[in-house]
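Chemist: Here it is, the structure in full.
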Amino acid sequence: MRRSVLPVLWVVLAILVVWYVAAIPMNVREVLTQAERGGAQVWGGTAAERQERSALALVARNPGVAMAGWSQERPRLPVPHQVAVELWQSTVGEEVFGRRGFVQTGEFSNRSLITHAGITLGATVVGFLIGTAAGVLLAIGIVHNRAMDMSVMPWAVISQTVPIVALAPMIVVVLNSVGVQGLLPKAVISAYLSFFPVVVGMVKGLRAPDRMQLDQMHTWNAGTGDTLRKLRLPASVPYLFASLKVAIAAALVGTIVGELPVQRGGLGARMLAGSYYGQTVQIWAALLMAAVLAAGLVGLVGWLERRTLRAMGGAA
Amino acid sequence: MANAASLSRTAGPVIEAQGVNLVFQTADGPVQALRDVSLSVAKGEFVSFIGPSGCGKTTLLRCVAALETPSSGRLTVNGMDPDAARKARAYGYVFQAAGLYPWRTIAGNIRLPLEIMGFPRAEQDARVDRVLRLVDLAGFGRKYPWQLSGGMQQRASIARALAFDADILLMDEPFGALDEIVRDRLNEELLGLWARTGKTTLFVTHSIPEAVYLSTKIVVMSPRPGRITDIIDSPLPRERPLDIRESPEFLAVAHRVREGLRAGHIEV
Amino acid sequence: MANAASLSRTAGPVIEAQGVNLVFQTADGPVQALRDVSLSVAKGEFVSFIGPSGCGKTTLLRCVAALETPSSGRLTVNGMDPDAARKARAYGYVFQAAGLYPWRTIAGNIRLPLEIMGFPRAEQDARVDRVLRLVDLAGFGRKYPWQLSGGMQQRASIARALAFDADILLMDEPFGALDEIVRDRLNEELLGLWARTGKTTLFVTHSIPEAVYLSTKIVVMSPRPGRITDIIDSPLPRERPLDIRESPEFLAVAHRVREGLRAGHIEV
Amino acid sequence: MTLVLLAVAVWVGGWALNGWLTRGGRERLRAVRVAVPLIFGATILLCWELLVRGLDVPPAILPPPSRIGATFAGNLPVLWGDFVQTILKGAFSGLAIGVAAALAVAVLVDRFDALRRGLLPVGSFMAALPIIGVAPIMVMWFGFGWQSKAAVVVLMVFFPMLVNAVAGLADTTQMQRDLMRTYGAGYWATLGKLRVPAALPFVFNGLKIAATLAMIGAIVAEFFGSPTQGIGFRISTANGALQLDMVWAAILVGALAGSAVYGIITLVERGATFWHPSQRT
Amino acid sequence: QDAVTLQLKWVTQAQFAGYYVALDQGFYGEENLDVTILPGGPDIAPTQVIAGGGADVVVDWMPSALAAREAGVPLVNIAQPFQASGMQLTCWADSGIAAPADFANHTLGVWFSGNEYPFLSWMSQLGLQTDGKDADGVEVLKQGFNVDPLIQRQADCISTMTYNEYWQVIDAGVTPEELVNFKYEDQGVATLEDGLYVLEESLADPAFVDRMARFVRASMRGWQWAEENPEEAAQIVLDNDETGAQTIEHQTRMMGEVAKLIGDSTGALDPAAYERTVATLMAGGSAPVINAVPEGAWTTAVTDVALAAQ
Ligand SMILES: Nc1ncnc2c1ncn2[C@@H]1O[C@H](COP(=O)(O)OP(=O)(O)OP(=O)(O)O)[C@@H](O)[C@H]1O
Ligand SMILES: Nc1ncnc2c1ncn2[C@@H]1O[C@H](COP(=O)(O)OP(=O)(O)OP(=O)(O)O)[C@@H](O)[C@H]1O
Ligand SMILES: Cc1ncc(C[n+]2csc(CCO)c2C)c(N)n1
Ligand SMILES: [Mg+2]
Ligand SMILES: [Mg+2]
């Protein structure tokens, strides 16, 4: 555990360095155009002509000017500290000093990423729970019923090749039309994405008991229910948790995708809004927030896994 | 000991097989796993089955336990058909690997069949205690299987099979995974246990000394098709210290078993 | 046979251990796996190591194969240090499980070390053919491992270790997973093979009869810490039919081994 | 109403038929194995058709499958163009680049332990990141063409593939590695003759995940800007024009492509890892 | 109170200020209405929402509403607050485009989802193909909903609204002199934008007509108030924006521009403008939006009642 802290720090550091370096050529064209508007002489001809030149050449020939790529207002690639500042301002800054912030109003501001992360989190958790429940039930059906096994499994695979994300707006609208609004349509999409790993993992897990263990149950004259409760389900727990970690990340993706078309808050809406108004820094901040959320959720499942396995007498 | 001996004569055969055949239908065609097997086991006997891999030892045990159904022939357990006996919980089955559930403590593992059979809680506790003491594991009930050595796990698995007081103990290479020294020790203990409880025991093994040391009757089997080639009633006394294994009677029986085996054995 | 015997006297010891200690640093503190192990093996000898689980048999073999490095003491193989011997491809190692790669045919598996060692293609084919015949598997080269029985897999694994003509054969419970009858058969074959090739062989086993039957020298070990408690030079002739195992000399050696084992053995 | 009842009857009938087919040894027949999922699919389609008609669902909400089928058949050239644009150009090129990069990095990571300990935690963090969010950024960087779609796909498939490949390369037993050592095998020999073959089952597992993700990524990225062609383009524009039959036809193209790719990978996997216990039964 | 659900065509912004103002200032309440405003988004088709029963009335553009009508969702225009079109093509001046005749051999960004029809109609009037760059054709991109393609010079022209995207280009540091704008209004291809639409069958119910009349009346009061108090209106919009992404400067400016498009509208549809829209759409080249002249696609029944009571 501790042995990996240092390497991780190195990798993160390397990413930051590459990020900063890359930002200069990424932003150079716009930087030059703006410098030109400000009256500066830049190498590379007109803005239209510069389009044809390589970014590296532009950086090399306009060394002083190009450094402004780290401090643009609407960069193509914002640098880490810009994202950090935005993250700070749209969380702590907004809540503490904002007109509608927590300090002023006693409620979280709708301009704050905390609110949006909360909205996304709610739908993700609900969707994840629905997806997990559906996945477990389906797996139980598949393990106990051969007709179901043979007919459902191929379609479960095919279901995942349907570009559900493209369907998201339609699902939202259709559910809207039957009066289902708010969190649930998003949760349905995240449930759809998260049920598959659970089915696959649970089918494997429920089938993990070997012939000997099943025979043992048989010699005790145990019924299907007893075998499920006392053998198959406990045996499937490690498989379940492995799937849950994948499923919760998928659920988060589902929620965010479900939030894209409906501008009713959430990190997905926030990313898209950032895109509408050319606020790249805002997109990156929302992305980072989503990554933190994802890491937190996966970490939480991991923690639950360790606790459960320990409670089940695990050697680990 | 006297106890076991007296019990062993009380009634008719506990297990009776007559002309049992079993054919498995496989993708490569039918496999005759048992051919014309006839055998009679009296109450309180300790019967070992020995034979090369694939000769049908496990299959025969599974037929007795109603885990397989013979294709033809007659097989009765306690005078009923094996499935009725299974439902009457007539036997405890011990497999090669201890097969304890890692998520249950030793006591929890032993309690498992009792829960399934619906014993009341207090009765469960009493029985778990009793069999733990019987296999010399008192005090280990709260441990998890992986905290015990292989030999102790195997004893716990025997305790589990004994907990619900089945008449018949079926053991399929229970000590196959253990090293020889541990095995010697458990053989001695199993013999003691058998003497104390008087349970009719069917025991599958690959080890000639083990078979000879434990049994009142040794069944030698041969593969392709699986059949019985020799049934040896042991002349050894019921009281058997470990070094009986260097006695001439012992060696004589072992020799007969080995010859029987070699005759039936084909290609490795 | 005569061949092996004559070879065995030609030179100084092939393996020489003096006061070898090995301590593993584990999370629960240091574990002394080997304590003050001294041993000398001459060319062409067949040395068995026997002892309860955890007594360091495997560790000792791994030290010889340069897969572990002793914490202290002197260990030489062919007069060099073990890692130099490894690079000189001084030995073939056979593990308990056959450990064949499932994605290669039997021939492909045997060819693997030859490919790595850069033998020319024609030479590879010739050698594969030769060792397949040696272990009686001619005709099975195109099969995949899982299509063969356990005994056949184990023979293939021995063939693989023989293919590149190492001086020393290290075998760690090669027959542990097989049943007694198959094991008898392979023991006989291994003895024949050894006679034909005259390879110095170190052999780990749990089985007393196996150790006594095969070896010119038996090393009895004892655990916690792992050490040598007895070294027995076998008085048995080199020519050994299977039923030598019922001879008094055999039983005497077996008895001595068993006593040695029991002395070193603690709790089951 | 009768149509709704009919739908219920079809559902029950379909299951009864499948139940019968999968009992009594019939399930071992090859034909039955193929037929059962098909019957199930047909049952769903039939129920869908009957329910949509029976409940008078407006076609602007959910068209019946028969209309989707007709639209699909009637617009093959258009849909083929979309398929080429999105799947062949966007998804496949991205998949190829992403997988190749992941495999190369996996070998590096496997080689240098510090890299593994550093990169894998960061990698699993990135793998959980909703990459969809970078689609607008990629469109901004790489333009409207398939290149931006490929870029999204590369990012989506890279980490799942990397994690699987690294796990695969490490999936050797101590014994197998020791064996290679006793042969005096160097790093590359061990890699080529032991680690890579041992990693194949994992690599295929990763490929299956990656292929599905690639389809989704390429389609979704088109929502943020595209030429006037592509599955995502078709879905969003047809949806705006209330041509839901066209929307579903485009989705069908995506699903067919996804299933075909999945099927092909499965076949190749069966050939390449024939030795793995999971393929042997 | 009577419940009314309004589905907007786009995200919460000053483009819809009138409705938010009417809600916020209690104009709806005074008409005894309980109004819910649902914001839209790029992939929300208001026509679909109303067809599915998710809204009573929607804000939509006439091309998309008429297309939906042909597709079997019988929408009827009941009011038309926006009199003029705010849509335009914004081009780089240095790309050599000075007049529509110069479009040939350039890349143009266009919004789809129903907004492409006036554009296609325009191009066909100009005699330009839309399937690739050449001497008599243009390359068309499905533009996302931001101005990046222009800024990054991936397109020479992009679609903008006078009240929104155009200012984003300016905000990105571009000076107006660097740009050339072609308003649809000036090119004679304008179509009616943000109108209010309901399902035809609902109008058979006099109670519904009455409810809509009150709704339109209150909404127009909202628009009037918004035009008079642009800063407050922008603030109201901001308060209602659930994404929290809007800025007050941009919304205030947008309010000013939107006010120009509404002008002195009473909410009643101008039949001449309707005819012009239909003509533009019918002229739409190879794939016209609508194939037949629509019948009964608008009514003054609601505005008549609404205006009479004023
Ligand atoms: N379920 C089955 N289906 C098909 N063939 C089977 C089945 N079970 C066992 N067999 C075959 O029946 C024969 C007898 O098998 P069985 O397991 O009884 O042998 P065994 O004597 O227990 O062998 P071992 O010593 O290896 O345990 C073998 O040839 C085996 O392959
Ligand atoms: N890599 C290791 N790290 C820590 N301890 C080890 C390691 N390998 C072996 N040991 C310990 O060293 C001791 C000797 O182990 P070894 O495997 O040599 O025993 P063995 O005689 O081969 O036993 P077995 O008969 O079970 O194979 C044991 O206590 C074992 O737990
Ligand atoms: C699906 C859809 N696509 C594009 C537009 C065009 N449009 C009209 S208003 C507006 C907001 C910015 O001013 C935009 C982009 C639309 N209405 N709906
Ligand atoms: Mg068996
Ligand atoms: Mg060992």
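Ordered as shown in the structure tokens, chains take letters A, B, and onward, while each chain numbers its residues from 1 and ligands are numbered from 1 in the order shown.
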If you run DSSP on the backbone here, which positions in region 29-170 of chain B get strand (DSSP E)? Please write them as a PyMOL selection string.
Modeler: chain B and resi 29-41+46-50+72-77+91-94+168-170
Chemist: As a PDB file with C-alpha atoms, in the first residue's frame, please: every residue in region 231-260 of chain E that DSSP puts in alpha helix (DSSP H).
Modeler:
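Final output, result39.pdb:
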ATOM      1  CA  GLU E 231     -31.623  43.709 -15.835  1.00  0.00           C
ATOM      2  CA  GLU E 232     -34.219  42.405 -13.393  1.00  0.00           C
ATOM      3  CA  ALA E 233     -35.499  40.001 -16.049  1.00  0.00           C
ATOM      4  CA  ALA E 234     -32.000  38.650 -16.594  1.00  0.00           C
ATOM      5  CA  GLN E 235     -31.645  38.155 -12.867  1.00  0.00           C
ATOM      6  CA  ILE E 236     -34.929  36.237 -12.761  1.00  0.00           C
ATOM      7  CA  VAL E 237     -33.664  34.002 -15.560  1.00  0.00           C
ATOM      8  CA  LEU E 238     -30.465  33.406 -13.658  1.00  0.00           C
ATOM      9  CA  ASP E 239     -32.370  32.476 -10.533  1.00  0.00           C
ATOM     10  CA  ASN E 240     -34.341  29.916 -12.486  1.00  0.00           C
ATOM     11  CA  ILE E 248     -25.706  38.114 -15.613  1.00  0.00           C
ATOM     12  CA  GLU E 249     -23.808  40.141 -18.224  1.00  0.00           C
ATOM     13  CA  HIS E 250     -24.582  37.719 -21.012  1.00  0.00           C
ATOM     14  CA  GLN E 251     -28.240  37.360 -20.048  1.00  0.00           C
ATOM     15  CA  THR E 252     -28.802  41.093 -19.752  1.00  0.00           C
ATOM     16  CA  ARG E 253     -27.364  41.592 -23.203  1.00  0.00           C
ATOM     17  CA  MET E 254     -29.433  38.707 -24.538  1.00  0.00           C
ATOM     18  CA  MET E 255     -32.543  40.287 -23.064  1.00  0.00           C
ATOM     19  CA  GLY E 256     -31.811  43.466 -24.970  1.00  0.00           C
ATOM     20  CA  GLU E 257     -31.398  41.595 -28.259  1.00  0.00           C
ATOM     21  CA  VAL E 258     -34.486  39.441 -27.725  1.00  0.00           C
ATOM     22  CA  ALA E 259     -36.506  42.572 -27.073  1.00  0.00           C
ATOM     23  CA  LYS E 260     -35.642  43.714 -30.597  1.00  0.00           C
TER      24      LYS E 260
END
Chemist: To one decimal place in Å, what is the distance between atom 3 (N, counted along the ligand's line) of ligand 2 and CA of Gly176 (chain B)?
Modeler: 26.0 Å
Chemist: Give me the residues within 6 Å of region 241-244 of chain A as a PyMOL selection string, counting only C-alpha atoms and dropping any in the same chain fewer than 2 places off.
Modeler: chain A and resi 197-198+201+238-239+246-248
Chemist: Would you mind exporting C-alpha atoms of the selected residues as a tab-separated table (two decimals), in the first residue's frame?
Modeler:
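And here is the file that came out, selection-v4.tsv:
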chain	number	residue	atom	x	y	z
A	197	PRO	CA	-21.71	-6.36	-15.09
A	198	VAL	CA	-23.77	-7.47	-12.13
A	201	GLY	CA	-20.52	-11.46	-12.21
A	238	PRO	CA	-16.56	-11.91	-3.93
A	239	TYR	CA	-17.82	-11.98	-7.52
A	246	VAL	CA	-17.53	-1.84	-12.40
A	247	ALA	CA	-21.25	-1.27	-12.06
A	248	ILE	CA	-21.04	1.83	-9.93
Chemist: Neighbours of Gly226 (chain C) within 6 Å (only C-alpha atoms; same-chain residues fewer than 3 positions away dropped), as a ChimeraX atom specification?
Modeler: /C:33-35,55-56,222-223
Chemist: Kindly export the residues of the current selection with N, CA and C atoms, as a PDB file, in the first residue's frame.
Modeler:
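So selection32.pdb came out as:
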ATOM      1  N   ALA C  33      13.549 -21.278   7.504  1.00  0.00           N
ATOM      2  CA  ALA C  33      13.113 -22.397   6.669  1.00  0.00           C
ATOM      3  C   ALA C  33      14.174 -23.489   6.621  1.00  0.00           C
ATOM      4  N   LEU C  34      15.444 -23.109   6.714  1.00  0.00           N
ATOM      5  CA  LEU C  34      16.526 -24.102   6.722  1.00  0.00           C
ATOM      6  C   LEU C  34      17.519 -23.733   7.811  1.00  0.00           C
ATOM      7  N   ARG C  35      17.925 -24.721   8.577  1.00  0.00           N
ATOM      8  CA  ARG C  35      18.896 -24.440   9.640  1.00  0.00           C
ATOM      9  C   ARG C  35      20.062 -25.396   9.534  1.00  0.00           C
ATOM     10  N   CYS C  55       8.860 -28.520   6.269  1.00  0.00           N
ATOM     11  CA  CYS C  55      10.168 -28.749   6.864  1.00  0.00           C
ATOM     12  C   CYS C  55      11.287 -28.212   5.980  1.00  0.00           C
ATOM     13  N   GLY C  56      10.943 -27.659   4.812  1.00  0.00           N
ATOM     14  CA  GLY C  56      11.968 -27.012   4.021  1.00  0.00           C
ATOM     15  C   GLY C  56      12.488 -27.821   2.846  1.00  0.00           C
ATOM     16  N   SER C 222      13.042 -32.310   9.310  1.00  0.00           N
ATOM     17  CA  SER C 222      12.108 -32.022  10.391  1.00  0.00           C
ATOM     18  C   SER C 222      11.892 -30.502  10.436  1.00  0.00           C
ATOM     19  N   PRO C 223      10.695 -30.099  10.779  1.00  0.00           N
ATOM     20  CA  PRO C 223      10.387 -28.661  10.633  1.00  0.00           C
ATOM     21  C   PRO C 223      10.670 -27.834  11.868  1.00  0.00           C
TER      22      PRO C 223
END
Chemist: Which residues of chain B are close to chain D, meaning at most 12 Å apart when you count only C-alpha atoms, and how do they look as a PDB file with all heavy atoms, in the first residue's frame?
Modeler:
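Contents of out-v4.pdb, as written:
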ATOM      1  N   GLN B  25     -24.162 -41.377 -20.376  1.00  0.00           N
ATOM      2  CA  GLN B  25     -24.207 -40.969 -21.785  1.00  0.00           C
ATOM      3  C   GLN B  25     -23.316 -39.740 -21.934  1.00  0.00           C
ATOM      4  O   GLN B  25     -23.607 -38.695 -21.370  1.00  0.00           O
ATOM      5  CB  GLN B  25     -25.644 -40.632 -22.200  1.00  0.00           C
ATOM      6  CG  GLN B  25     -26.619 -41.774 -22.065  1.00  0.00           C
ATOM      7  CD  GLN B  25     -26.219 -42.999 -22.911  1.00  0.00           C
ATOM      8  OE1 GLN B  25     -25.405 -42.891 -23.829  1.00  0.00           O
ATOM      9  NE2 GLN B  25     -26.783 -44.161 -22.570  1.00  0.00           N
ATOM     10  N   THR B  26     -22.228 -39.871 -22.661  1.00  0.00           N
ATOM     11  CA  THR B  26     -21.356 -38.702 -22.852  1.00  0.00           C
ATOM     12  C   THR B  26     -21.310 -38.344 -24.322  1.00  0.00           C
ATOM     13  O   THR B  26     -21.856 -39.060 -25.170  1.00  0.00           O
ATOM     14  CB  THR B  26     -19.918 -38.991 -22.370  1.00  0.00           C
ATOM     15  OG1 THR B  26     -19.315 -39.878 -23.303  1.00  0.00           O
ATOM     16  CG2 THR B  26     -19.914 -39.608 -20.997  1.00  0.00           C
ATOM     17  N   ALA B  27     -20.662 -37.224 -24.586  1.00  0.00           N
ATOM     18  CA  ALA B  27     -20.560 -36.751 -25.965  1.00  0.00           C
ATOM     19  C   ALA B  27     -19.846 -37.801 -26.829  1.00  0.00           C
ATOM     20  O   ALA B  27     -20.160 -37.959 -28.003  1.00  0.00           O
ATOM     21  CB  ALA B  27     -19.818 -35.428 -26.017  1.00  0.00           C
TER      22      ALA B  27
END
Chemist: Show me, as a PyMOL selection string, the residues that have an atom within 10 Å of Val8 (chain D) when counting only C-alpha atoms, minus same-chain residues fewer than 5 positions from it.
Modeler: chain D and resi 2-3+13-14+47+50-51
Chemist: Pull N, CA and C atoms from the residues just selected and write them as an mmCIF file, in the first residue's frame.
Modeler:
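What follows is the written file selection38.cif:
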data_model
loop_
_atom_site.group_PDB
_atom_site.id
_atom_site.type_symbol
_atom_site.label_atom_id
_atom_site.label_comp_id
_atom_site.auth_asym_id
_atom_site.auth_seq_id
_atom_site.Cartn_x
_atom_site.Cartn_y
_atom_site.Cartn_z
ATOM 1 N N THR D 2 -57.789 -6.313 -27.289
ATOM 2 C CA THR D 2 -57.521 -7.699 -27.693
ATOM 3 C C THR D 2 -56.054 -7.849 -28.070
ATOM 4 N N LEU D 3 -55.502 -6.777 -28.670
ATOM 5 C CA LEU D 3 -54.092 -6.860 -29.054
ATOM 6 C C LEU D 3 -53.198 -6.984 -27.824
ATOM 7 N N GLY D 13 -46.723 -17.830 -24.351
ATOM 8 C CA GLY D 13 -46.461 -18.906 -25.310
ATOM 9 C C GLY D 13 -44.978 -19.044 -25.613
ATOM 10 N N GLY D 14 -44.320 -17.917 -25.800
ATOM 11 C CA GLY D 14 -42.889 -17.951 -26.106
ATOM 12 C C GLY D 14 -42.105 -18.637 -24.995
ATOM 13 N N CYS D 47 -44.413 -8.839 -28.988
ATOM 14 C CA CYS D 47 -45.119 -8.165 -27.887
ATOM 15 C C CYS D 47 -45.050 -6.652 -28.072
ATOM 16 N N LEU D 50 -47.466 -5.627 -30.778
ATOM 17 C CA LEU D 50 -48.864 -5.720 -30.353
ATOM 18 C C LEU D 50 -49.204 -4.653 -29.320
ATOM 19 N N LEU D 51 -48.284 -4.411 -28.401
ATOM 20 C CA LEU D 51 -48.556 -3.432 -27.352
ATOM 21 C C LEU D 51 -48.645 -2.024 -27.946
#
Chemist: What does the distance from CA of Met117 (chain B) to CA of Thr197 (chain B) come to in Å, to one decimal?
Modeler: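 Separation between CA of Met117 (chain B) and CA of Thr197 (chain B): 21.4 Å.
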Chemist: Please determine the contact residues of chain B with respect to chain A at a cut-off of 9 Å, counting only C-alpha atoms, and supply them as a ChimeraX atom specification.
Modeler: /B:65-67,86-89,91-95,99-105,112-114,116-117,143-147
Chemist: Just the selected residues (N, CA, C and O atoms), exported as a short mmCIF file (atom, residue, chain, number, x, y, z; two decimals), in the first residue's frame, please.
Modeler:
data_model
loop_
_atom_site.label_atom_id
_atom_site.label_comp_id
_atom_site.auth_asym_id
_atom_site.auth_seq_id
_atom_site.Cartn_x
_atom_site.Cartn_y
_atom_site.Cartn_z
N ALA B 65 -25.69 -42.91 -2.24
CA ALA B 65 -26.18 -41.66 -1.69
C ALA B 65 -27.30 -41.05 -2.53
O ALA B 65 -27.72 -39.93 -2.28
N ALA B 66 -27.76 -41.75 -3.54
CA ALA B 66 -28.84 -41.27 -4.41
C ALA B 66 -28.43 -40.03 -5.17
O ALA B 66 -29.27 -39.22 -5.55
N LEU B 67 -27.13 -39.86 -5.39
CA LEU B 67 -26.69 -38.74 -6.22
C LEU B 67 -26.62 -39.17 -7.68
O LEU B 67 -26.55 -38.35 -8.57
N ARG B 86 -32.14 -41.04 1.32
CA ARG B 86 -31.58 -39.68 1.36
C ARG B 86 -32.54 -38.75 2.07
O ARG B 86 -32.15 -37.97 2.95
N LYS B 87 -33.82 -38.84 1.71
CA LYS B 87 -34.79 -37.94 2.33
C LYS B 87 -34.93 -38.25 3.81
O LYS B 87 -35.24 -37.36 4.61
N ALA B 88 -34.68 -39.51 4.18
CA ALA B 88 -34.73 -39.85 5.61
C ALA B 88 -33.40 -39.54 6.29
O ALA B 88 -33.18 -39.89 7.44
N ARG B 89 -32.53 -38.85 5.55
CA ARG B 89 -31.22 -38.45 6.06
C ARG B 89 -30.44 -39.63 6.64
O ARG B 89 -29.99 -39.63 7.78
N TYR B 91 -27.61 -40.84 5.68
CA TYR B 91 -26.15 -40.89 5.68
C TYR B 91 -25.52 -39.50 5.69
O TYR B 91 -26.10 -38.51 5.32
N GLY B 92 -24.29 -39.55 6.15
CA GLY B 92 -23.44 -38.37 6.07
C GLY B 92 -22.36 -38.64 5.04
O GLY B 92 -21.83 -39.75 4.98
N TYR B 93 -22.07 -37.64 4.23
CA TYR B 93 -21.14 -37.83 3.11
C TYR B 93 -19.92 -36.95 3.37
O TYR B 93 -20.05 -35.77 3.63
N VAL B 94 -18.75 -37.54 3.33
CA VAL B 94 -17.52 -36.76 3.52
C VAL B 94 -16.71 -36.85 2.23
O VAL B 94 -16.43 -37.93 1.74
N PHE B 95 -16.35 -35.68 1.67
CA PHE B 95 -15.65 -35.67 0.38
C PHE B 95 -14.14 -35.59 0.57
O PHE B 95 -13.64 -35.35 1.66
N GLY B 99 -14.04 -29.35 2.12
CA GLY B 99 -15.23 -28.69 1.61
C GLY B 99 -15.98 -27.91 2.66
O GLY B 99 -17.21 -27.87 2.66
N LEU B 100 -15.24 -27.31 3.57
CA LEU B 100 -15.90 -26.44 4.55
C LEU B 100 -16.14 -25.09 3.90
O LEU B 100 -15.36 -24.66 3.05
N TYR B 101 -17.22 -24.42 4.30
CA TYR B 101 -17.49 -23.10 3.75
C TYR B 101 -16.62 -22.07 4.45
O TYR B 101 -16.70 -21.92 5.66
N PRO B 102 -15.82 -21.35 3.68
CA PRO B 102 -14.86 -20.43 4.31
C PRO B 102 -15.55 -19.28 5.04
O PRO B 102 -14.95 -18.64 5.88
N TRP B 103 -16.83 -19.01 4.70
CA TRP B 103 -17.49 -17.87 5.34
C TRP B 103 -18.21 -18.28 6.62
O TRP B 103 -18.87 -17.48 7.25
N ARG B 104 -18.09 -19.56 7.00
CA ARG B 104 -18.69 -19.99 8.25
C ARG B 104 -17.60 -20.49 9.18
O ARG B 104 -16.61 -21.07 8.74
N THR B 105 -17.79 -20.29 10.48
CA THR B 105 -16.86 -20.85 11.44
C THR B 105 -16.99 -22.36 11.42
O THR B 105 -17.89 -22.92 10.80
N LEU B 112 -24.57 -26.20 9.74
CA LEU B 112 -25.27 -26.01 8.46
C LEU B 112 -26.30 -27.10 8.14
O LEU B 112 -27.47 -26.79 7.92
N PRO B 113 -25.93 -28.39 8.14
CA PRO B 113 -26.96 -29.38 7.82
C PRO B 113 -28.09 -29.38 8.84
O PRO B 113 -29.24 -29.63 8.49
N LEU B 114 -27.75 -29.05 10.07
CA LEU B 114 -28.79 -29.04 11.11
C LEU B 114 -29.80 -27.93 10.84
O LEU B 114 -31.01 -28.12 11.00
N ILE B 116 -30.49 -26.71 7.90
CA ILE B 116 -31.29 -27.10 6.74
C ILE B 116 -32.35 -28.12 7.12
O ILE B 116 -33.46 -28.10 6.62
N MET B 117 -31.99 -28.99 8.04
CA MET B 117 -32.94 -30.03 8.43
C MET B 117 -33.92 -29.52 9.47
O MET B 117 -34.80 -30.27 9.92
N LYS B 143 -13.32 -20.79 15.32
CA LYS B 143 -12.30 -20.52 14.31
C LYS B 143 -12.89 -20.67 12.91
O LYS B 143 -13.89 -21.34 12.70
N TYR B 144 -12.23 -20.04 11.94
CA TYR B 144 -12.62 -20.23 10.55
C TYR B 144 -11.77 -21.34 9.96
O TYR B 144 -10.65 -21.59 10.43
N PRO B 145 -12.29 -22.03 8.95
CA PRO B 145 -11.57 -23.19 8.40
C PRO B 145 -10.12 -22.89 8.07
O PRO B 145 -9.24 -23.70 8.38
N TRP B 146 -9.85 -21.73 7.44
CA TRP B 146 -8.48 -21.50 7.01
C TRP B 146 -7.55 -21.27 8.17
O TRP B 146 -6.34 -21.19 8.01
N GLN B 147 -8.10 -21.15 9.39
CA GLN B 147 -7.22 -21.00 10.54
C GLN B 147 -6.78 -22.35 11.10
O GLN B 147 -6.04 -22.42 12.07
#
Chemist: Starting from chain A, keep only residues with some atom at most 8 Å from an atom of chain E, counting only C-alpha atoms, and report them as number ranges by chain.
Modeler: A: 34, 48, 51, 74, 110-112, 116, 169-170, 173-174, 176-179, 261-266, 269-270, 273-278
Chemist: Give me the residues of chain D that have any atom at most 12 Å from an atom of ligand 3; for each, the nearest atom pair and the distance in Å, rounded to one decimal. Use only C-alpha atoms and all ligand atoms, sort by chain and number, and format it as a Markdown table.
Modeler:
| residue | atom | partner | partner_atom_place_in_ligand_line | distance |
| --- | --- | --- | --- | --- |
| D:Phe223 | CA | ligand 3 | 1 (C) | 10.9 |
| D:Phe224 | CA | ligand 3 | 3 (N) | 11.4 |
| D:Gly225 | CA | ligand 3 | 3 (N) | 11.6 |
| D:Ser236 | CA | ligand 3 | 1 (C) | 8.5 |
| D:Thr237 | CA | ligand 3 | 1 (C) | 8.2 |
| D:Ala238 | CA | ligand 3 | 1 (C) | 10.7 |
| D:Asn239 | CA | ligand 3 | 1 (C) | 9.2 |
| D:Gly240 | CA | ligand 3 | 1 (C) | 6.2 |
| D:Ala241 | CA | ligand 3 | 1 (C) | 9.4 |
| D:Leu242 | CA | ligand 3 | 1 (C) | 11.4 |
Chemist: Could you tell me which residues of chain D sit within 6 Å of chain A when counting only C-alpha atoms, and give me the result as a PyMOL selection string?
Modeler: chain D and resi 18-19+22+36-37+40+114+117-118+125+128-130+212+216+255+258-259
